[in-house]
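Structure file model.txt (compact mmCIF, C-alpha atoms) is printed below.
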# COMPACT_ATOMS: atom_id res chain seq x y z
CA MET A 1 112.48 -3.25 -10.34
CA LEU A 2 111.05 -3.60 -13.85
CA LYS A 3 109.43 -6.89 -12.91
CA ARG A 4 107.87 -5.32 -9.80
CA ARG A 5 106.51 -2.41 -11.82
CA THR A 6 105.06 -4.85 -14.35
CA LEU A 7 103.33 -6.80 -11.59
CA LEU A 8 101.89 -3.62 -10.07
CA ALA A 9 100.62 -2.50 -13.46
CA ALA A 10 99.01 -5.89 -14.04
CA ALA A 11 97.35 -5.78 -10.64
CA ALA A 12 96.00 -2.28 -11.32
CA SER A 13 94.71 -3.43 -14.69
CA CYS A 14 92.86 -6.35 -13.09
CA LEU A 15 91.25 -4.00 -10.60
CA LEU A 16 90.04 -1.72 -13.37
CA LEU A 17 88.59 -4.66 -15.28
CA SER A 18 86.81 -6.09 -12.24
CA PRO A 19 83.03 -5.46 -12.48
CA PHE A 20 82.85 -4.16 -8.92
CA ALA A 21 86.30 -2.61 -8.65
CA GLN A 22 86.25 0.67 -6.76
CA ALA A 23 82.49 0.92 -7.38
CA GLU A 24 80.90 3.41 -5.06
CA TYR A 25 77.44 2.47 -3.94
CA LYS A 26 74.71 5.05 -4.45
CA ALA A 27 73.33 6.86 -1.45
CA GLU A 28 69.90 5.63 -2.58
CA TYR A 29 68.62 3.14 -5.15
CA THR A 30 65.29 3.68 -6.90
CA VAL A 31 62.71 0.89 -6.74
CA SER A 32 59.79 1.15 -9.15
CA THR A 33 56.33 -0.33 -8.53
CA VAL A 34 52.94 0.28 -10.10
CA LEU A 35 50.85 -0.09 -6.94
CA PRO A 36 51.64 1.45 -3.52
CA ALA A 37 51.79 -0.17 -0.08
CA ALA A 38 48.01 -0.40 0.31
CA PHE A 39 48.21 -3.32 -2.13
CA PRO A 40 50.13 -6.64 -1.82
CA TRP A 41 52.30 -5.50 -4.75
CA GLY A 42 53.51 -2.45 -2.85
CA GLN A 43 53.88 -4.49 0.32
CA ALA A 44 56.23 -6.87 -1.52
CA ALA A 45 58.49 -3.97 -2.45
CA GLU A 46 58.38 -2.58 1.09
CA LYS A 47 59.37 -5.95 2.55
CA TRP A 48 62.32 -6.20 0.14
CA VAL A 49 63.54 -2.71 1.04
CA GLU A 50 63.15 -3.46 4.74
CA LEU A 51 65.07 -6.76 4.57
CA VAL A 52 67.92 -5.32 2.49
CA ASN A 53 68.30 -2.34 4.80
CA GLU A 54 68.31 -4.57 7.86
CA ARG A 55 70.69 -7.21 6.47
CA SER A 56 73.13 -4.68 4.98
CA GLU A 57 73.03 -2.71 8.25
CA GLY A 58 72.01 0.39 6.33
CA ARG A 59 74.72 0.19 3.66
CA ILE A 60 72.22 -0.40 0.84
CA ASN A 61 69.37 2.08 0.85
CA MET A 62 66.40 1.65 -1.47
CA LYS A 63 63.52 4.05 -2.01
CA ILE A 64 60.19 3.01 -3.52
CA TYR A 65 58.55 5.09 -6.25
CA SER A 66 55.03 3.74 -6.72
CA SER A 67 52.37 4.44 -9.35
CA ALA A 68 55.04 4.04 -12.06
CA GLN A 69 56.01 7.66 -11.37
CA LEU A 70 59.57 7.11 -12.63
CA VAL A 71 58.11 6.55 -16.11
CA SER A 72 55.39 9.21 -15.88
CA GLY A 73 52.70 6.61 -15.17
CA ASP A 74 53.36 4.52 -18.29
CA GLN A 75 54.02 1.16 -16.67
CA THR A 76 54.89 -0.51 -19.98
CA LYS A 77 58.07 1.64 -20.14
CA GLU A 78 59.38 0.42 -16.78
CA PHE A 79 61.45 -2.45 -18.19
CA SER A 80 63.15 -0.28 -20.81
CA ALA A 81 63.99 2.29 -18.14
CA MET A 82 65.56 -0.45 -16.01
CA ARG A 83 67.54 -1.83 -18.91
CA SER A 84 69.02 1.60 -19.62
CA GLY A 85 69.79 2.17 -15.94
CA LEU A 86 67.29 5.02 -15.46
CA ILE A 87 65.57 2.83 -12.85
CA ASP A 88 67.80 0.83 -10.50
CA MET A 89 65.38 -1.85 -9.31
CA ALA A 90 61.72 -2.83 -9.56
CA VAL A 91 59.05 -5.19 -8.41
CA GLY A 92 57.37 -5.44 -11.77
CA SER A 93 54.49 -7.17 -13.50
CA THR A 94 54.96 -9.85 -16.14
CA ILE A 95 52.20 -8.09 -18.09
CA ASN A 96 53.89 -4.70 -18.09
CA TRP A 97 57.26 -6.14 -19.09
CA SER A 98 55.89 -8.41 -21.83
CA PRO A 99 56.29 -5.85 -24.65
CA GLN A 100 60.07 -6.11 -24.16
CA VAL A 101 60.20 -9.78 -23.06
CA PRO A 102 57.78 -11.80 -25.25
CA GLU A 103 58.21 -14.93 -23.11
CA LEU A 104 56.39 -13.16 -20.26
CA ASN A 105 53.18 -13.30 -22.30
CA LEU A 106 53.04 -16.94 -21.22
CA PHE A 107 51.29 -15.91 -17.99
CA SER A 108 48.66 -13.95 -19.91
CA LEU A 109 47.52 -16.92 -22.01
CA PRO A 110 43.86 -17.41 -21.07
CA PHE A 111 43.04 -20.24 -18.67
CA LEU A 112 46.56 -21.70 -18.65
CA MET A 113 46.74 -21.75 -14.83
CA PRO A 114 43.60 -22.94 -13.02
CA ASP A 115 44.92 -22.59 -9.45
CA HIS A 116 47.82 -21.44 -7.29
CA GLN A 117 49.56 -24.80 -7.61
CA ALA A 118 49.63 -24.26 -11.37
CA ILE A 119 51.30 -20.86 -10.96
CA ASP A 120 53.91 -22.41 -8.68
CA ALA A 121 54.49 -25.31 -11.07
CA ILE A 122 55.54 -22.80 -13.72
CA THR A 123 57.42 -20.18 -11.69
CA GLN A 124 59.28 -22.62 -9.43
CA GLY A 125 60.25 -25.09 -12.16
CA GLU A 126 62.32 -25.21 -15.32
CA THR A 127 59.87 -22.96 -17.17
CA GLY A 128 60.37 -20.24 -14.59
CA GLU A 129 64.14 -20.55 -14.93
CA LYS A 130 63.91 -20.17 -18.72
CA ILE A 131 61.76 -17.08 -18.33
CA PHE A 132 64.32 -15.58 -15.95
CA GLN A 133 67.02 -16.32 -18.55
CA ALA A 134 64.95 -14.47 -21.15
CA ILE A 135 64.70 -11.43 -18.85
CA GLU A 136 68.43 -11.53 -18.14
CA LYS A 137 69.31 -11.63 -21.85
CA ARG A 138 67.55 -8.29 -22.22
CA GLY A 139 69.60 -6.37 -19.66
CA VAL A 140 67.69 -6.87 -16.42
CA THR A 141 68.69 -9.31 -13.66
CA PRO A 142 65.67 -11.14 -12.16
CA LEU A 143 65.97 -12.28 -8.55
CA ALA A 144 62.67 -13.70 -7.30
CA TRP A 145 58.96 -14.14 -7.90
CA GLY A 146 56.08 -12.36 -6.20
CA GLU A 147 52.37 -12.37 -6.97
CA ASN A 148 49.66 -9.94 -8.03
CA GLY A 149 47.03 -12.69 -8.16
CA PHE A 150 44.38 -14.09 -10.49
CA ARG A 151 42.66 -11.40 -12.51
CA GLU A 152 38.88 -11.52 -12.23
CA LEU A 153 36.29 -9.76 -14.39
CA SER A 154 33.91 -7.03 -13.23
CA ASN A 155 31.33 -4.95 -15.06
CA SER A 156 28.37 -2.65 -14.55
CA LYS A 157 25.86 -4.33 -16.87
CA LEU A 158 25.17 -7.99 -16.10
CA ALA A 159 26.23 -11.17 -14.31
CA ILE A 160 28.72 -12.76 -16.73
CA SER A 161 28.77 -16.56 -16.68
CA ASN A 162 29.14 -17.48 -20.36
CA PRO A 163 31.28 -16.20 -23.26
CA GLU A 164 28.16 -14.83 -25.00
CA ASP A 165 27.62 -12.44 -22.07
CA LEU A 166 30.72 -10.47 -23.07
CA LYS A 167 29.54 -9.59 -26.57
CA GLY A 168 29.74 -5.84 -27.14
CA LEU A 169 30.90 -4.98 -23.61
CA LYS A 170 33.58 -2.27 -23.41
CA ILE A 171 36.32 -3.69 -21.18
CA ARG A 172 39.37 -1.75 -19.99
CA VAL A 173 42.53 -3.79 -20.54
CA VAL A 174 46.22 -3.20 -19.88
CA GLY A 175 48.68 -2.26 -22.62
CA SER A 176 49.29 -5.75 -23.96
CA PRO A 177 48.13 -6.91 -27.41
CA LEU A 178 47.43 -10.37 -26.00
CA PHE A 179 44.69 -8.91 -23.77
CA GLN A 180 43.19 -7.16 -26.76
CA ASP A 181 43.13 -10.46 -28.64
CA THR A 182 41.62 -12.41 -25.74
CA PHE A 183 38.69 -10.04 -25.25
CA SER A 184 38.14 -9.52 -28.96
CA THR A 185 37.98 -13.32 -29.36
CA LEU A 186 35.26 -13.37 -26.69
CA GLY A 187 33.29 -10.72 -28.59
CA ALA A 188 33.98 -7.85 -26.21
CA ASN A 189 35.26 -4.39 -27.13
CA PRO A 190 38.63 -4.10 -25.33
CA THR A 191 39.95 -0.61 -24.62
CA GLN A 192 43.59 -0.20 -23.61
CA MET A 193 44.31 2.42 -20.97
CA SER A 194 46.59 2.94 -17.98
CA TRP A 195 45.27 2.29 -14.49
CA ALA A 196 45.35 6.05 -13.83
CA ASP A 197 42.76 6.52 -16.58
CA ALA A 198 40.71 3.42 -15.80
CA LYS A 199 38.70 4.60 -12.77
CA PRO A 200 37.55 7.85 -14.41
CA ALA A 201 36.51 5.86 -17.48
CA LEU A 202 34.53 3.42 -15.32
CA THR A 203 32.94 6.34 -13.45
CA THR A 204 31.67 8.00 -16.62
CA GLY A 205 30.66 4.74 -18.28
CA ALA A 206 33.19 5.19 -21.08
CA VAL A 207 33.99 1.55 -20.35
CA ASP A 208 31.66 -1.07 -18.87
CA GLY A 209 34.13 -3.28 -17.07
CA GLN A 210 37.68 -4.19 -16.15
CA GLU A 211 39.78 -7.15 -14.97
CA ASN A 212 42.06 -7.14 -11.93
CA PRO A 213 42.97 -9.21 -8.88
CA LEU A 214 40.56 -9.18 -5.93
CA SER A 215 43.03 -7.18 -3.86
CA VAL A 216 42.98 -4.36 -6.42
CA PHE A 217 39.18 -4.45 -6.69
CA ASP A 218 38.95 -4.20 -2.90
CA VAL A 219 41.56 -1.55 -2.07
CA ALA A 220 40.81 0.63 -5.11
CA ARG A 221 37.07 0.40 -4.25
CA ILE A 222 36.10 -0.45 -7.80
CA ASP A 223 32.61 -1.16 -6.49
CA GLN A 224 32.22 2.62 -6.09
CA VAL A 225 32.47 3.18 -9.85
CA GLY A 226 29.47 1.09 -10.84
CA GLN A 227 31.11 -2.33 -10.91
CA LYS A 228 28.19 -4.33 -9.52
CA TYR A 229 29.06 -7.74 -10.95
CA LEU A 230 32.27 -9.69 -10.35
CA THR A 231 32.96 -12.98 -12.15
CA ARG A 232 35.65 -15.16 -10.59
CA TRP A 233 36.93 -16.88 -13.72
CA HIS A 234 40.66 -17.14 -12.88
CA TYR A 235 41.42 -16.56 -16.55
CA MET A 236 45.04 -15.55 -15.96
CA ALA A 237 47.45 -14.72 -13.16
CA ASP A 238 50.01 -11.98 -12.90
CA PRO A 239 53.24 -13.03 -11.18
CA LEU A 240 55.55 -10.23 -10.06
CA VAL A 241 59.30 -10.18 -10.59
CA PHE A 242 61.88 -8.68 -8.23
CA ALA A 243 64.68 -7.39 -10.44
CA VAL A 244 67.71 -5.11 -10.72
CA SER A 245 69.06 -3.28 -13.75
CA THR A 246 72.02 -5.37 -14.87
CA ARG A 247 74.12 -2.20 -15.12
CA VAL A 248 73.44 -1.58 -11.44
CA TRP A 249 73.71 -5.26 -10.48
CA ARG A 250 77.30 -5.39 -11.69
CA THR A 251 78.31 -2.62 -9.28
CA PHE A 252 77.49 -4.78 -6.25
CA SER A 253 79.99 -7.13 -4.66
CA PRO A 254 79.20 -10.87 -4.85
CA ASP A 255 78.22 -10.84 -1.16
CA ASP A 256 75.80 -7.96 -1.67
CA GLN A 257 74.38 -9.57 -4.79
CA ALA A 258 73.64 -12.65 -2.68
CA LEU A 259 72.12 -10.43 0.02
CA LEU A 260 69.84 -8.63 -2.46
CA LYS A 261 68.73 -11.89 -4.05
CA GLN A 262 67.97 -13.71 -0.80
CA ALA A 263 66.07 -10.70 0.52
CA ALA A 264 64.00 -10.68 -2.69
CA ILE A 265 63.29 -14.42 -2.41
CA ASP A 266 62.22 -14.01 1.23
CA ALA A 267 60.09 -10.93 0.50
CA GLY A 268 58.44 -12.67 -2.44
CA GLN A 269 57.58 -15.78 -0.45
CA TRP A 270 56.24 -13.65 2.39
CA GLU A 271 54.05 -11.63 0.01
CA ILE A 272 52.75 -14.68 -1.88
CA GLU A 273 51.70 -16.41 1.33
CA LYS A 274 50.16 -13.23 2.73
CA SER A 275 48.16 -12.34 -0.37
CA ARG A 276 46.82 -15.89 -0.81
CA SER A 277 45.82 -16.19 2.85
CA GLU A 278 43.83 -12.92 2.63
CA LEU A 279 41.73 -13.86 -0.41
CA ASP A 280 38.69 -15.22 1.45
CA ALA A 281 38.48 -12.17 3.71
CA THR A 282 38.89 -9.86 0.72
CA LEU A 283 36.09 -11.60 -1.16
CA ALA A 284 33.81 -11.33 1.89
CA LYS A 285 34.44 -7.57 2.10
CA ILE A 286 33.58 -7.15 -1.56
CA GLN A 287 30.33 -9.09 -1.16
CA GLU A 288 29.40 -7.06 1.93
CA ARG A 289 29.44 -3.96 -0.25
CA GLY A 290 26.67 -5.41 -2.40
CA VAL A 291 28.74 -6.71 -5.30
CA GLU A 292 27.25 -9.83 -6.89
CA VAL A 293 29.97 -12.48 -7.18
CA ILE A 294 29.59 -15.12 -9.87
CA ASP A 295 31.50 -18.40 -9.55
CA LEU A 296 31.59 -20.45 -12.73
CA THR A 297 30.43 -24.06 -12.86
CA PRO A 298 32.89 -26.52 -14.47
CA GLU A 299 30.76 -26.45 -17.63
CA GLN A 300 30.76 -22.65 -17.79
CA HIS A 301 34.51 -22.56 -17.22
CA ALA A 302 35.02 -25.10 -20.02
CA ALA A 303 33.02 -22.89 -22.39
CA PHE A 304 35.42 -19.99 -21.79
CA VAL A 305 38.42 -22.29 -22.27
CA GLU A 306 37.04 -23.48 -25.60
CA ALA A 307 36.14 -19.96 -26.75
CA THR A 308 39.67 -18.64 -26.17
CA LYS A 309 41.60 -21.46 -27.88
CA PRO A 310 42.25 -19.31 -31.00
CA VAL A 311 44.39 -17.00 -28.81
CA TYR A 312 46.91 -19.83 -28.41
CA ASP A 313 47.16 -20.28 -32.16
CA THR A 314 48.20 -16.64 -32.51
CA TRP A 315 50.39 -16.29 -29.44
CA ALA A 316 52.17 -19.61 -28.84
CA PRO A 317 54.57 -18.98 -31.78
CA LYS A 318 55.36 -15.48 -30.43
CA ILE A 319 56.03 -16.75 -26.91
CA GLY A 320 57.79 -19.91 -28.03
CA GLU A 321 55.99 -23.17 -28.84
CA ASP A 322 58.36 -25.21 -26.66
CA LEU A 323 57.96 -22.88 -23.68
CA VAL A 324 54.15 -23.03 -23.91
CA LYS A 325 54.23 -26.82 -24.22
CA GLU A 326 56.57 -27.12 -21.23
CA ALA A 327 54.33 -24.85 -19.15
CA LYS A 328 51.23 -26.89 -20.03
CA GLU A 329 53.02 -30.07 -18.99
CA ALA A 330 54.15 -28.51 -15.71
CA VAL A 331 50.54 -27.53 -14.96
CA ALA A 332 49.22 -30.97 -15.92
CA ASN A 333 51.76 -32.68 -13.62
CA ARG A 334 51.47 -30.20 -10.73
CA ASN A 335 49.83 -32.61 -8.29
CA ASN A 336 52.00 -35.63 -9.09
Could you take the file, read its structure, and then write that structure out as structure tokens?
Amino acid sequence: MLKRRTLLAAAASCLLLSPFAQAEYKAEYTVSTVLPAAFPWGQAAEKWVELVNERSEGRINMKIYSSAQLVSGDQTKEFSAMRSGLIDMAVGSTINWSPQVPELNLFSLPFLMPDHQAIDAITQGETGEKIFQAIEKRGVTPLAWGENGFRELSNSKLAISNPEDLKGLKIRVVGSPLFQDTFSTLGANPTQMSWADAKPALTTGAVDGQENPLSVFDVARIDQVGQKYLTRWHYMADPLVFAVSTRVWRTFSPDDQALLKQAAIDAGQWEIEKSRSELDATLAKIQERGVEVIDLTPEQHAAFVEATKPVYDTWAPKIGEDLVKEAKEAVANRNN
């Protein structure tokens, strides 16, 4: 009898120690995004929610909260809110999470990734795995990559084709010191503000320009706030990350963890392919509205690359010299 009681007690103890033992799933899980479903970013989140709901047969319900409303519009606080469990899940930007995960600044290094193949070479290789490990160490479980796209430069003053053209221009930038450094190095006057404040500032002329993917320029109708010139310089790209608060992740069974992850991978691949395939049509729409689009010659592009080299001297040590070197090699070997 004593032996039986001991075995029962041991079994109960194991159940209590199990990370998913007796865990009750929430009726609804919060999913944070910065942009709503009119944008590819929001569509990525919607696809994830749809696939999880379908594959779990309604057992796992997720609700999207766009415009960073779960953090009162301050998108740079999204990662911290996930880590603490205030937000369950997110499709987040590497830029917005970089204050808490320095390795994510890799993607914001100017002119590191010249094309989509370069993005893939980093995210789908060993460098991408190391970045996911860095995210995981900080209390958030990354599942898959998505894409916000190459960030292009617009302004209301002139057609920018050389670094000298930026001198003195007031450019709205996101809340990342690396962006401040990049534009300061180019002689511009960078002004950090949230996206909610950006359009009013462009409308009044408080800032002269901004940088964002073509999809954002198009859907947000940035041409309506005086942005007459758009330079396609592909100076950096903004991958998205599908992720779950590790506190929440541990409450799911192994089968449901696999379901959530595969759904994120599938949603991310779907969104990447969709957003890339729509770029030409998006650019045509922007040009039809009278926006002058400037495509850089190889020589002009090289001038921007040269002008922003000092940014690497400052930021490579903060990101990790080895990680930056590995990423550069992955890009260089992308077509091999």
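The neighbours of A:Gln133 here are the residues that come within 12 Å of it, using only C-alpha atoms and leaving out any residue fewer than 6 positions away in the same chain; they are Val101, Glu103, Leu104, Glu126, Thr127, Gly139, Val140, Thr141, Pro142 and Leu143 of chain A.
Between A:Gln210 and the residues A:Ile319, A:Leu230, A:Ile265, A:Val173, the shortest atom-to-atom distance, using only C-alpha atoms, involves A:Val173.
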Subject >> Contacts of A:Ser275 within 9 Å, all atoms listed in the file, excl. fewer than 6 positions in-chain, as number ranges by chain >> reply: A: 40, 147-149, 215
**OP:** Enter the distance from atom CA of A:Gly128 to atom CA of A:Phe150, in Å, rounded to one decimal.
**Re:** 17.6 Å
Subject >> Gap from atom CA of A:Gln192 to atom CA of A:Asp120 - Å, one decimal >> reply: 28.7 Å
**OP:** For A:Lys199, please output as number ranges by chain all residues within 9 Å (counting all atoms listed in the file; exclusion window: fewer than 5 positions along the same chain).
**Re:** A: 204, 220, 222, 225
Original post:
Could you work out how far atom CA of A:Glu24 lies from atom CA of A:Ala45, giving the answer in Å with one decimal?
Top reply: 23.7 Å
Hey, which bits of stretch 86-146 of chain A sit within 8 Å of stretch 236-250 of chain A, and for each residue what's the closest pair of atoms and how far apart in Å (one decimal), counting all atoms listed in the file, rows by chain and increasing number, as a Markdown table?
| residue | atom | partner | partner_atom | distance |
| --- | --- | --- | --- | --- |
| A:Ile87 | CA | A:Ser245 | CA | 7.1 |
| A:Asp88 | CA | A:Ser245 | CA | 5.4 |
| A:Met89 | CA | A:Val244 | CA | 4.2 |
| A:Ala90 | CA | A:Ala243 | CA | 5.5 |
| A:Val91 | CA | A:Phe242 | CA | 4.5 |
| A:Gly92 | CA | A:Val241 | CA | 5.3 |
| A:Ser93 | CA | A:Leu240 | CA | 4.7 |
| A:Thr94 | CA | A:Leu240 | CA | 6.1 |
| A:Ile95 | CA | A:Asp238 | CA | 6.8 |
| A:Phe107 | CA | A:Ala237 | CA | 6.3 |
| A:Ser108 | CA | A:Met236 | CA | 5.6 |
| A:Leu109 | CA | A:Met236 | CA | 6.7 |
| A:Pro110 | CA | A:Met236 | CA | 5.6 |
| A:Phe111 | CA | A:Met236 | CA | 5.8 |
| A:Leu112 | CA | A:Met236 | CA | 6.9 |
| A:Met113 | CA | A:Met236 | CA | 6.5 |
| A:Ile119 | CA | A:Ala237 | CA | 7.6 |
| A:Glu136 | CA | A:Thr246 | CA | 7.8 |
| A:Gly139 | CA | A:Thr246 | CA | 5.5 |
| A:Val140 | CA | A:Ser245 | CA | 4.7 |
| A:Thr141 | CA | A:Val244 | CA | 5.2 |
| A:Pro142 | CA | A:Ala243 | CA | 4.2 |
| A:Leu143 | CA | A:Ala243 | CA | 5.4 |
| A:Ala144 | CA | A:Phe242 | CA | 5.2 |
| A:Trp145 | CA | A:Val241 | CA | 4.8 |
| A:Gly146 | CA | A:Leu240 | CA | 4.4 |
Subject >> Which residue of A:Ala330, A:Ile135, A:Leu214, A:Ala37 approaches A:Ser80 most closely, using only C-alpha atoms >> reply: A:Ile135
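Across A:Ala81, A:Trp48, A:Ser72, A:Glu292, the tightest approach to A:Ile60 is made by A:Trp48 when counting all atoms listed in the file.
Of the listed residues (A:Lys77, A:Lys318, A:Lys309, A:Lys137), A:Lys309 comes nearest to A:Thr182; the distances count all atoms listed in the file.
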Original post:
Quick one: of A:Gln287, A:Thr297, A:Asn189, A:Asn333, who's nearest to A:Lys228, counting all atoms listed in the file?
Top reply: A:Gln287
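Those residues that approach A:Leu51 to within 12 Å, counting all atoms listed in the file, are A:Ala44, A:Ala45, A:Glu57, A:Gly58, A:Arg59, A:Ile60, A:Asn61, A:Met62, A:Leu259, A:Leu260, A:Lys261, A:Gln262, A:Ala263, A:Ala264, A:Ile265, A:Asp266, A:Ala267, A:Gly268, A:Trp270; same-chain residues fewer than 6 positions away are not listed.
Among A:Gln180, A:Ala316, A:Ser32, A:Gly205, the residue with the shortest atom-to-atom distance to A:Val71, counting all atoms listed in the file, is A:Ser32.
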Close residues, A:Ala118 itself excluded, 7 Å, all atoms listed in the file, min 4 positions apart in chain, as a PDB file with C-alpha atoms, in the coordinates of the input:
ATOM      1  CA  MET A 113      46.740 -21.750 -14.830  1.00  0.00           C
ATOM      2  CA  PRO A 114      43.600 -22.940 -13.020  1.00  0.00           C
ATOM      3  CA  ILE A 122      55.540 -22.800 -13.720  1.00  0.00           C
ATOM      4  CA  VAL A 331      50.540 -27.530 -14.960  1.00  0.00           C
ATOM      5  CA  ARG A 334      51.470 -30.200 -10.730  1.00  0.00           C
TER       6      ARG A 334
END
